[in-house]
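K.L.:
Enclosed is the structure file data_23.csv (CSV, C-alpha atoms).
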```
chain,number,residue,atom,x,y,z
A,926,MET,CA,127.3,109.9,123.6
A,927,SER,CA,125.5,112.8,122.2
A,928,VAL,CA,123.1,112.5,119.3
A,929,SER,CA,125.1,114.7,117.0
A,930,PHE,CA,128.0,112.3,117.0
A,931,ALA,CA,125.8,109.5,115.7
A,932,ILE,CA,124.2,111.8,113.1
A,933,LEU,CA,127.7,112.7,111.9
A,934,LEU,CA,128.7,109.1,111.7
A,935,GLY,CA,125.6,108.3,109.7
A,936,PHE,CA,126.3,111.1,107.3
A,937,LEU,CA,130.0,110.0,107.0
A,938,LEU,CA,128.8,106.5,106.1
A,939,PHE,CA,126.4,108.0,103.5
A,940,SER,CA,129.1,110.0,101.9
A,941,LEU,CA,131.5,107.0,101.8
A,942,GLY,CA,128.7,104.9,100.3
A,943,VAL,CA,128.0,107.5,97.5
A,944,PHE,CA,131.7,107.7,96.8
A,945,GLY,CA,132.1,104.0,96.5
A,946,LEU,CA,128.9,103.7,94.4
A,947,LEU,CA,130.2,106.2,91.9
A,948,SER,CA,133.9,105.5,91.7
A,949,ARG,CA,134.5,101.7,92.0
A,950,ARG,CA,134.6,99.5,89.0
A,951,ASN,CA,133.7,96.1,90.5
A,952,LEU,CA,129.9,95.6,90.6
A,953,ILE,CA,130.2,93.6,93.9
A,954,VAL,CA,131.9,96.6,95.6
A,955,VAL,CA,129.3,98.9,94.1
A,956,LEU,CA,126.6,96.8,95.8
A,957,LEU,CA,128.5,96.8,99.1
A,958,SER,CA,128.7,100.6,99.0
A,959,LEU,CA,124.9,100.5,98.5
A,960,GLU,CA,124.7,98.6,101.8
A,961,LEU,CA,126.6,101.4,103.5
A,962,LEU,CA,123.8,103.8,102.4
A,963,PHE,CA,121.2,101.5,104.0
A,964,VAL,CA,123.3,101.3,107.3
A,965,ALA,CA,123.6,105.1,107.4
A,966,ALA,CA,119.8,105.4,107.2
A,967,GLY,CA,119.4,102.7,109.9
A,968,ILE,CA,121.7,104.5,112.3
A,969,ASN,CA,119.7,107.7,112.0
A,970,PHE,CA,116.4,105.8,112.6
A,971,VAL,CA,117.7,104.1,115.7
A,972,VAL,CA,119.3,107.3,117.1
A,973,PHE,CA,116.2,109.3,116.7
A,974,SER,CA,114.1,106.5,118.1
A,975,ASN,CA,116.2,106.7,121.2
A,976,LEU,CA,116.1,110.5,121.3
A,977,HIS,CA,112.3,110.7,121.1
A,978,LYS,CA,111.7,107.6,123.1
A,979,ASN,CA,109.3,105.9,120.7
A,980,LEU,CA,109.7,102.7,118.9
A,981,GLU,CA,108.7,103.6,115.3
A,982,GLY,CA,112.3,104.2,114.3
A,983,GLN,CA,113.3,100.7,115.4
A,984,ILE,CA,110.4,99.2,113.5
A,985,PHE,CA,111.3,101.1,110.4
A,986,THR,CA,114.9,99.8,110.8
A,987,ILE,CA,113.6,96.3,110.7
A,988,PHE,CA,111.7,97.0,107.5
A,989,LEU,CA,114.8,98.7,106.1
A,990,ILE,CA,116.8,95.5,106.7
A,991,ALA,CA,114.1,93.5,104.9
A,992,VAL,CA,114.3,95.9,101.9
A,993,ALA,CA,118.1,95.6,102.0
A,994,ALA,CA,117.8,91.8,101.9
A,995,GLY,CA,115.6,92.1,98.8
A,996,GLU,CA,118.0,94.5,97.2
A,997,ALA,CA,120.9,92.1,97.9
A,998,ALA,CA,118.9,89.2,96.2
A,999,ILE,CA,118.2,91.4,93.1
A,1000,GLY,CA,121.8,92.7,93.1
A,1001,ILE,CA,123.3,89.2,93.1
A,1002,GLY,CA,120.9,88.2,90.3
A,1003,LEU,CA,122.1,91.2,88.2
A,1004,LEU,CA,125.7,90.4,89.0
A,1005,ILE,CA,125.4,86.9,87.7
A,1006,ALA,CA,123.5,88.0,84.7
A,1007,LEU,CA,126.1,90.6,83.9
A,1008,PHE,CA,128.9,88.1,84.4
A,1009,ARG,CA,127.2,85.6,82.1
A,1010,VAL,CA,126.9,88.2,79.3
A,1011,ARG,CA,130.2,90.1,79.7
A,1012,LYS,CA,132.4,87.4,81.4
A,1013,SER,CA,133.4,90.1,83.9
A,1014,ALA,CA,132.1,91.9,86.9
A,1015,ASN,CA,133.5,95.2,85.7
A,1016,VAL,CA,130.7,97.8,85.4
A,1017,ASP,CA,132.7,99.6,82.7
A,1018,GLU,CA,132.0,96.5,80.4
A,1019,ALA,CA,128.2,97.1,80.6
A,1020,LYS,CA,128.0,99.9,78.0
A,1021,SER,CA,125.5,98.5,75.5
A,1022,LEU,CA,123.2,101.4,76.1
A,1023,ARG,CA,125.9,104.0,75.8
A,1024,GLY,CA,125.3,106.3,72.7
B,1114,MET,CA,131.3,108.5,130.8
B,1115,MET,CA,132.3,105.0,130.0
B,1116,MET,CA,129.4,104.8,127.5
B,1117,THR,CA,130.7,107.9,125.8
B,1118,VAL,CA,134.2,106.4,125.4
B,1119,LEU,CA,132.7,103.2,124.1
B,1120,LEU,CA,130.5,105.0,121.6
B,1121,ILE,CA,133.4,107.0,120.2
B,1122,ILE,CA,135.6,103.9,119.9
B,1123,VAL,CA,132.8,101.9,118.2
B,1124,GLY,CA,131.9,104.9,115.9
B,1125,ALA,CA,135.5,105.4,114.9
B,1126,LEU,CA,135.9,101.7,114.1
B,1127,ILE,CA,132.8,101.8,112.0
B,1128,ALA,CA,134.1,104.7,110.0
B,1129,LEU,CA,137.5,103.0,109.6
B,1130,PHE,CA,135.9,99.8,108.3
B,1131,ALA,CA,133.6,101.8,106.0
B,1132,ILE,CA,136.7,103.5,104.5
B,1133,GLY,CA,138.1,100.0,104.0
B,1134,VAL,CA,135.0,98.9,102.1
B,1135,VAL,CA,135.5,101.6,99.5
B,1136,SER,CA,139.3,101.5,99.3
B,1137,PHE,CA,140.4,97.8,99.4
B,1138,LYS,CA,141.4,96.4,96.1
B,1139,HIS,CA,140.0,92.8,96.4
B,1140,PRO,CA,136.2,92.5,96.7
B,1141,VAL,CA,136.6,89.8,99.4
B,1142,ALA,CA,138.6,92.2,101.5
B,1143,SER,CA,135.9,94.8,101.0
B,1144,ALA,CA,133.2,92.3,102.0
B,1145,VAL,CA,135.0,91.2,105.1
B,1146,SER,CA,135.6,94.8,106.1
B,1147,LEU,CA,131.8,95.5,105.6
B,1148,LEU,CA,131.0,92.4,107.7
B,1149,VAL,CA,133.1,93.6,110.6
B,1150,GLY,CA,131.5,97.0,110.1
B,1151,PHE,CA,128.0,95.5,110.3
B,1152,LEU,CA,128.9,93.7,113.6
B,1153,LEU,CA,130.1,97.0,115.0
B,1154,VAL,CA,126.9,98.7,113.9
B,1155,GLY,CA,125.1,96.0,115.9
B,1156,VAL,CA,127.1,97.1,118.9
B,1157,PHE,CA,126.2,100.7,118.1
B,1158,TYR,CA,122.5,99.8,118.1
B,1159,LEU,CA,122.9,98.0,121.4
B,1160,LEU,CA,124.5,101.2,122.9
B,1161,TYR,CA,121.5,103.2,121.8
B,1162,GLY,CA,119.1,100.8,123.5
B,1163,ALA,CA,117.8,99.0,120.4
B,1164,GLU,CA,118.5,95.4,121.4
B,1165,PHE,CA,116.1,93.7,119.0
B,1166,VAL,CA,117.3,95.7,116.0
B,1167,ALA,CA,120.9,94.8,117.0
B,1168,ALA,CA,120.0,91.1,117.0
B,1169,VAL,CA,118.3,91.4,113.6
B,1170,GLN,CA,121.3,93.4,112.3
B,1171,VAL,CA,123.8,90.7,113.3
B,1172,MET,CA,121.6,87.8,112.1
B,1173,VAL,CA,120.2,89.1,108.9
B,1174,TYR,CA,122.9,91.5,107.7
B,1175,ALA,CA,126.1,90.0,109.0
B,1176,GLY,CA,124.8,86.4,108.8
B,1177,GLY,CA,122.6,86.4,105.7
B,1178,ILE,CA,123.3,89.3,103.3
B,1179,MET,CA,127.0,89.2,103.6
B,1180,VAL,CA,127.1,85.5,102.8
B,1181,LEU,CA,125.0,86.3,99.7
B,1182,TYR,CA,127.6,88.8,98.6
B,1183,LEU,CA,130.5,86.4,99.3
B,1184,MET,CA,128.7,83.9,97.1
B,1185,GLY,CA,128.5,86.6,94.5
B,1186,VAL,CA,132.3,86.9,94.6
B,1187,LEU,CA,132.5,83.1,94.3
B,1188,PHE,CA,130.3,83.1,91.2
B,1189,THR,CA,132.4,85.7,89.3
B,1190,ASP,CA,135.9,85.5,88.0
B,1191,ASN,CA,138.0,88.2,89.7
B,1192,GLU,CA,141.3,87.8,87.9
B,1193,TRP,CA,140.9,91.1,86.1
B,1194,ILE,CA,141.2,93.0,89.4
B,1195,HIS,CA,145.0,92.4,89.4
B,1196,VAL,CA,145.5,93.9,86.0
B,1197,THR,CA,143.0,96.7,86.0
B,1198,ARG,CA,142.7,99.8,88.2
B,1199,GLN,CA,139.8,99.5,90.5
B,1200,THR,CA,138.7,103.1,90.4
B,1201,HIS,CA,138.3,105.5,87.5
B,1202,LEU,CA,140.6,108.4,87.1
B,1203,GLN,CA,137.5,110.6,87.9
B,1204,ALA,CA,137.5,109.1,91.4
B,1205,TRP,CA,139.8,111.8,92.6
B,1206,ILE,CA,137.3,114.5,91.4
B,1207,GLY,CA,134.6,112.4,93.1
B,1208,LEU,CA,136.6,112.2,96.3
B,1209,VAL,CA,137.0,116.0,96.4
B,1210,LEU,CA,133.3,116.6,95.7
B,1211,ILE,CA,132.2,114.1,98.3
B,1212,LEU,CA,134.5,115.7,100.9
B,1213,ALA,CA,133.0,119.1,100.0
B,1214,PHE,CA,129.5,117.6,100.3
B,1215,PHE,CA,130.3,116.1,103.7
B,1216,ALA,CA,131.9,119.3,105.0
B,1217,PHE,CA,129.1,121.6,103.7
B,1218,PHE,CA,126.1,119.6,104.8
B,1219,GLY,CA,127.8,118.4,108.0
B,1220,HIS,CA,128.2,122.0,108.9
B,1221,LYS,CA,124.7,122.9,107.8
B,1222,LEU,CA,123.2,120.1,109.9
B,1223,PHE,CA,124.1,122.0,113.1
B,1224,HIS,CA,124.7,125.6,112.0
B,1225,SER,CA,121.8,126.8,109.9
B,1226,GLU,CA,119.0,129.2,110.5
B,1227,TYR,CA,116.6,126.3,111.1
B,1228,PRO,CA,118.7,123.4,112.3
B,1229,ALA,CA,117.5,119.9,111.5
B,1230,ILE,CA,117.7,119.0,115.2
B,1231,GLU,CA,117.2,121.7,117.8
B,1232,ASN,CA,119.7,121.7,120.7
B,1233,VAL,CA,121.0,118.4,119.5
B,1234,ALA,CA,124.4,119.0,120.9
B,1235,SER,CA,123.0,119.1,124.4
B,1236,GLN,CA,120.8,116.0,124.0
B,1237,THR,CA,122.3,112.8,125.4
B,1238,VAL,CA,121.2,109.3,125.4
B,1239,VAL,CA,119.2,108.5,128.5
B,1240,GLN,CA,119.8,105.1,130.0
B,1241,LYS,CA,116.8,103.2,130.9
B,1242,GLU,CA,116.0,103.1,134.6
B,1243,ASN,CA,114.5,99.7,135.3
B,1244,LYS,CA,114.5,99.8,139.1
B,1245,ALA,CA,110.9,100.7,139.4
B,1246,GLU,CA,109.8,98.2,136.8
B,1247,GLU,CA,111.8,95.4,138.4
B,1248,LYS,CA,109.5,95.5,141.4
B,1249,LEU,CA,106.6,94.6,139.1
B,1250,GLY,CA,108.0,91.2,138.5
B,1251,TYR,CA,109.5,89.5,135.5
B,1252,LEU,CA,106.5,89.2,133.3
B,1253,LYS,CA,105.4,92.8,133.7
B,1254,ARG,CA,108.8,94.2,132.7
B,1255,GLU,CA,108.9,95.9,129.4
B,1256,THR,CA,111.9,94.8,127.5
B,1257,ASN,CA,112.8,96.2,124.2
B,1258,PRO,CA,112.1,93.0,122.1
B,1259,ARG,CA,108.8,92.6,123.8
B,1260,SER,CA,107.6,96.2,123.1
B,1261,VAL,CA,108.9,96.2,119.6
B,1262,SER,CA,107.2,92.9,118.8
B,1263,VAL,CA,103.9,94.1,120.4
B,1264,LYS,CA,104.0,97.2,118.2
B,1265,LEU,CA,105.2,95.3,115.1
B,1266,PHE,CA,102.3,92.7,115.3
B,1267,SER,CA,99.6,95.2,116.1
B,1268,ASP,CA,100.1,98.6,114.5
B,1269,TYR,CA,102.4,97.4,111.8
B,1270,LEU,CA,101.0,94.0,110.9
B,1271,ILE,CA,100.0,94.8,107.3
B,1272,PRO,CA,103.4,96.4,106.4
B,1273,PHE,CA,105.0,93.3,108.0
B,1274,GLU,CA,103.1,91.0,105.7
B,1275,ALA,CA,103.8,93.3,102.8
B,1276,ALA,CA,107.5,93.0,103.6
B,1277,SER,CA,107.2,89.2,103.3
B,1278,VAL,CA,105.6,89.6,99.8
B,1279,LEU,CA,108.4,92.0,98.9
B,1280,LEU,CA,111.0,89.5,99.9
B,1281,THR,CA,109.4,86.7,98.0
B,1282,VAL,CA,109.1,88.8,94.9
B,1283,ALA,CA,112.8,89.9,95.2
B,1284,VAL,CA,114.0,86.3,95.6
B,1285,VAL,CA,111.9,85.1,92.6
B,1286,GLY,CA,113.2,88.1,90.6
B,1287,GLY,CA,116.8,87.4,91.6
B,1288,ILE,CA,116.5,83.7,90.6
B,1289,PHE,CA,114.9,84.7,87.3
B,1290,LEU,CA,117.7,87.2,86.5
B,1291,ALA,CA,120.4,84.6,87.4
B,1292,LYS,CA,118.8,81.8,85.3
B,1293,LYS,CA,120.6,80.4,82.3
B,1294,GLU,CA,118.5,81.9,79.5
B,1295,VAL,CA,116.7,85.2,80.1
```
Written as structure tokens, that's how I'd like the structure from this file.

P.N.:
Amino acid sequence: MSVSFAILLGFLLFSLGVFGLLSRRNLIVVLLSLELLFVAAGINFVVFSNLHKNLEGQIFTIFLIAVAAGEAAIGIGLLIALFRVRKSANVDEAKSLRG
Amino acid sequence: MMMTVLLIIVGALIALFAIGVVSFKHPVASAVSLLVGFLLVGVFYLLYGAEFVAAVQVMVYAGGIMVLYLMGVLFTDNEWIHVTRQTHLQAWIGLVLILAFFAFFGHKLFHSEYPAIENVASQTVVQKENKAEEKLGYLKRETNPRSVSVKLFSDYLIPFEAASVLLTVAVVGGIFLAKKEV
């Protein structure tokens, strides 16, 4: 129940999120990996809030969840737009800007 | 002692389901794995004494955002996942680099000249002692949701209202992007 365990867990979630963000082909899974990054930040906020016995970390976690909800709405909009244009959720298909 | 065991079990399960998110082939399997992970993160927040954030996590994340993603799966055709590899060939290089990143900075977090957290290994979570407060009666007792909401609606009122504007803008933008003709 030490703090270092939770920090390591948050860092592991962050690493997994970056890995999924960069390596997966499906746009839905890319967005899900982005949520892992948000959760990693939230775990750190809550743990340090507990460590220093003040509530700012928990309040920032609430704002973080609000930002994640906005990101999900925009992400789903982008997903549907990409699917309409390319008929696929494969991010490899979205290469109009590639030189 | 029991708290420590519980924390390690919950943390290990969170890590396991997070690995599932990035490794399952079907997006629905990834989404359900992330859903269970979010519920477990709610338990994790509870163990660290953040009851209100745990409730928000379960309601907003597990209840709202994950439904949005599952609707995203519904809107798209996922037949191609059975015939196409779900990761690039470069993913192996990425995996090695991410493992190196994790090992290097995970080590640096605790063993550098100026550690990010001093004496963090010896710090443990202190359980709240409510015995003295309970004598003050029910209304005087400071519970976590009560103190969070007092702070949220006094010191952080303007950011709170700004968050509502942000959410409105995000939803309008999402609808605009998903419209028929852009």

K.L.:
As a PyMOL selection string, please: the residues near B:Val1284 (cut-off 9 Å, all atoms listed in the file, same-chain neighbours under 6 positions excluded).

P.N.:
chain A and resi 995+998-999+1002

K.L.:
Which residues of chain B have any atom within 6 Å of an atom in chain A when counting all atoms listed in the file, and what is the closest pair of atoms for each, with the distance in Å to one decimal? Order the rows by chain and rising number and write it as a Markdown table.

P.N.:
```
| residue | atom | partner | partner_atom | distance |
| --- | --- | --- | --- | --- |
| B:Thr1117 | CA | A:Met926 | CA | 4.5 |
| B:Val1135 | CA | A:Gly945 | CA | 5.1 |
| B:Gly1185 | CA | A:Ile1001 | CA | 6.0 |
| B:Gln1199 | CA | A:Arg950 | CA | 5.4 |
| B:Thr1200 | CA | A:Arg949 | CA | 4.7 |
| B:Ala1204 | CA | A:Ser948 | CA | 5.1 |
| B:Ala1234 | CA | A:Ser929 | CA | 5.8 |
| B:Gln1236 | CA | A:Ser927 | CA | 6.0 |
| B:Thr1237 | CA | A:Ser927 | CA | 4.5 |
| B:Leu1280 | CA | A:Gly995 | CA | 5.4 |
| B:Ala1283 | CA | A:Gly995 | CA | 5.1 |
| B:Val1284 | CA | A:Ala998 | CA | 5.7 |
| B:Gly1287 | CA | A:Gly1002 | CA | 4.4 |
| B:Leu1290 | CA | A:Gly1002 | CA | 5.1 |
| B:Ala1291 | CA | A:Gly1002 | CA | 4.6 |
```

K.L.:
Quick one: residues within 10 Å of (127.5, 101.3, 115.5) (file frame), counting all atoms listed in the file, please, as a PyMOL selection string.

P.N.:
(chain A and resi 931+934-935+964-965+967-968) or (chain B and resi 1120-1128+1150-1161+1167)

K.L.:
Just to confirm, what's the straight-line distance from atom CA of B:Val1180 to atom CA of B:His1139 in Å (one decimal)?

P.N.:
16.1 Å

K.L.:
Distance atom CA of B:Thr1256-atom CA of B:Gly1162, one decimal place?

P.N.:
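It comes out at 10.2 Å.
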
K.L.:
Writing N, CA and C atoms and nothing else, produce stretch 969-1005 of chain A as an mmCIF file, in the first residue's frame.

P.N.:
```cif
data_model
loop_
_atom_site.group_PDB
_atom_site.id
_atom_site.type_symbol
_atom_site.label_atom_id
_atom_site.label_comp_id
_atom_site.auth_asym_id
_atom_site.auth_seq_id
_atom_site.Cartn_x
_atom_site.Cartn_y
_atom_site.Cartn_z
ATOM 1 N N ASN A 969 -2.318 9.059 -10.602
ATOM 2 C CA ASN A 969 -1.281 9.862 -9.951
ATOM 3 C C ASN A 969 -1.885 11.000 -9.146
ATOM 4 N N PHE A 970 -2.891 11.662 -9.716
ATOM 5 C CA PHE A 970 -3.544 12.758 -8.985
ATOM 6 C C PHE A 970 -4.108 12.272 -7.656
ATOM 7 N N VAL A 971 -4.852 11.156 -7.697
ATOM 8 C CA VAL A 971 -5.514 10.687 -6.479
ATOM 9 C C VAL A 971 -4.485 10.229 -5.445
ATOM 10 N N VAL A 972 -3.435 9.567 -5.908
ATOM 11 C CA VAL A 972 -2.443 9.057 -4.957
ATOM 12 C C VAL A 972 -1.713 10.206 -4.270
ATOM 13 N N PHE A 973 -1.338 11.237 -5.037
ATOM 14 C CA PHE A 973 -0.636 12.350 -4.394
ATOM 15 C C PHE A 973 -1.575 13.196 -3.547
ATOM 16 N N SER A 974 -2.855 13.222 -3.934
ATOM 17 C CA SER A 974 -3.836 13.878 -3.073
ATOM 18 C C SER A 974 -3.899 13.186 -1.724
ATOM 19 N N ASN A 975 -3.857 11.863 -1.731
ATOM 20 C CA ASN A 975 -3.874 11.108 -0.482
ATOM 21 C C ASN A 975 -2.572 11.311 0.292
ATOM 22 N N LEU A 976 -1.454 11.368 -0.436
ATOM 23 C CA LEU A 976 -0.158 11.482 0.234
ATOM 24 C C LEU A 976 -0.024 12.816 0.949
ATOM 25 N N HIS A 977 -0.458 13.904 0.296
ATOM 26 C CA HIS A 977 -0.280 15.228 0.883
ATOM 27 C C HIS A 977 -1.494 15.701 1.654
ATOM 28 N N LYS A 978 -2.520 14.864 1.701
ATOM 29 C CA LYS A 978 -3.724 15.168 2.484
ATOM 30 C C LYS A 978 -4.343 16.506 2.100
ATOM 31 N N ASN A 979 -4.389 16.786 0.792
ATOM 32 C CA ASN A 979 -5.230 17.894 0.365
ATOM 33 C C ASN A 979 -6.086 17.433 -0.810
ATOM 34 N N LEU A 980 -7.107 18.203 -1.083
ATOM 35 C CA LEU A 980 -8.141 17.711 -1.991
ATOM 36 C C LEU A 980 -7.975 18.188 -3.420
ATOM 37 N N GLU A 981 -6.947 19.010 -3.685
ATOM 38 C CA GLU A 981 -6.802 19.552 -5.038
ATOM 39 C C GLU A 981 -6.661 18.443 -6.082
ATOM 40 N N GLY A 982 -5.938 17.388 -5.710
ATOM 41 C CA GLY A 982 -5.739 16.297 -6.664
ATOM 42 C C GLY A 982 -7.042 15.642 -7.063
ATOM 43 N N GLN A 983 -7.928 15.453 -6.091
ATOM 44 C CA GLN A 983 -9.211 14.824 -6.414
ATOM 45 C C GLN A 983 -10.060 15.740 -7.288
ATOM 46 N N ILE A 984 -9.990 17.069 -7.023
ATOM 47 C CA ILE A 984 -10.769 18.003 -7.841
ATOM 48 C C ILE A 984 -10.237 18.019 -9.268
ATOM 49 N N PHE A 985 -8.899 17.964 -9.403
ATOM 50 C CA PHE A 985 -8.329 17.913 -10.744
ATOM 51 C C PHE A 985 -8.710 16.628 -11.445
ATOM 52 N N THR A 986 -8.862 15.529 -10.693
ATOM 53 C CA THR A 986 -9.287 14.285 -11.334
ATOM 54 C C THR A 986 -10.696 14.423 -11.899
ATOM 55 N N ILE A 987 -11.563 15.162 -11.183
ATOM 56 C CA ILE A 987 -12.918 15.369 -11.702
ATOM 57 C C ILE A 987 -12.860 16.156 -13.005
ATOM 58 N N PHE A 988 -12.023 17.213 -13.050
ATOM 59 C CA PHE A 988 -11.878 17.973 -14.296
ATOM 60 C C PHE A 988 -11.282 17.100 -15.394
ATOM 61 N N LEU A 989 -10.353 16.228 -14.995
ATOM 62 C CA LEU A 989 -9.740 15.319 -15.971
ATOM 63 C C LEU A 989 -10.784 14.404 -16.600
ATOM 64 N N ILE A 990 -11.730 13.926 -15.781
ATOM 65 C CA ILE A 990 -12.774 13.059 -16.305
ATOM 66 C C ILE A 990 -13.675 13.849 -17.254
ATOM 67 N N ALA A 991 -13.924 15.141 -16.929
ATOM 68 C CA ALA A 991 -14.731 15.974 -17.827
ATOM 69 C C ALA A 991 -14.025 16.147 -19.168
ATOM 70 N N VAL A 992 -12.704 16.396 -19.128
ATOM 71 C CA VAL A 992 -11.941 16.557 -20.371
ATOM 72 C C VAL A 992 -11.950 15.256 -21.159
ATOM 73 N N ALA A 993 -11.853 14.108 -20.445
ATOM 74 C CA ALA A 993 -11.873 12.814 -21.136
ATOM 75 C C ALA A 993 -13.213 12.595 -21.820
ATOM 76 N N ALA A 994 -14.305 13.055 -21.175
ATOM 77 C CA ALA A 994 -15.617 12.906 -21.803
ATOM 78 C C ALA A 994 -15.693 13.739 -23.077
ATOM 79 N N GLY A 995 -15.163 14.973 -23.034
ATOM 80 C CA GLY A 995 -15.136 15.788 -24.245
ATOM 81 C C GLY A 995 -14.305 15.161 -25.341
ATOM 82 N N GLU A 996 -13.169 14.588 -24.936
ATOM 83 C CA GLU A 996 -12.291 13.919 -25.912
ATOM 84 C C GLU A 996 -12.994 12.730 -26.538
ATOM 85 N N ALA A 997 -13.792 12.002 -25.733
ATOM 86 C CA ALA A 997 -14.520 10.855 -26.285
ATOM 87 C C ALA A 997 -15.544 11.316 -27.308
ATOM 88 N N ALA A 998 -16.243 12.434 -27.021
ATOM 89 C CA ALA A 998 -17.250 12.924 -27.966
ATOM 90 C C ALA A 998 -16.597 13.310 -29.288
ATOM 91 N N ILE A 999 -15.489 14.061 -29.220
ATOM 92 C CA ILE A 999 -14.790 14.459 -30.447
ATOM 93 C C ILE A 999 -14.243 13.235 -31.168
ATOM 94 N N GLY A 1000 -13.699 12.282 -30.401
ATOM 95 C CA GLY A 1000 -13.115 11.083 -31.007
ATOM 96 C C GLY A 1000 -14.148 10.273 -31.770
ATOM 97 N N ILE A 1001 -15.352 10.124 -31.177
ATOM 98 C CA ILE A 1001 -16.386 9.370 -31.877
ATOM 99 C C ILE A 1001 -16.834 10.117 -33.127
ATOM 100 N N GLY A 1002 -16.896 11.472 -33.044
ATOM 101 C CA GLY A 1002 -17.224 12.254 -34.240
ATOM 102 C C GLY A 1002 -16.212 12.022 -35.352
ATOM 103 N N LEU A 1003 -14.910 12.041 -34.986
ATOM 104 C CA LEU A 1003 -13.854 11.792 -35.976
ATOM 105 C C LEU A 1003 -13.960 10.381 -36.541
ATOM 106 N N LEU A 1004 -14.279 9.413 -35.657
ATOM 107 C CA LEU A 1004 -14.397 8.017 -36.100
ATOM 108 C C LEU A 1004 -15.495 7.883 -37.148
ATOM 109 N N ILE A 1005 -16.654 8.498 -36.876
ATOM 110 C CA ILE A 1005 -17.762 8.377 -37.828
ATOM 111 C C ILE A 1005 -17.436 9.109 -39.123
#
```
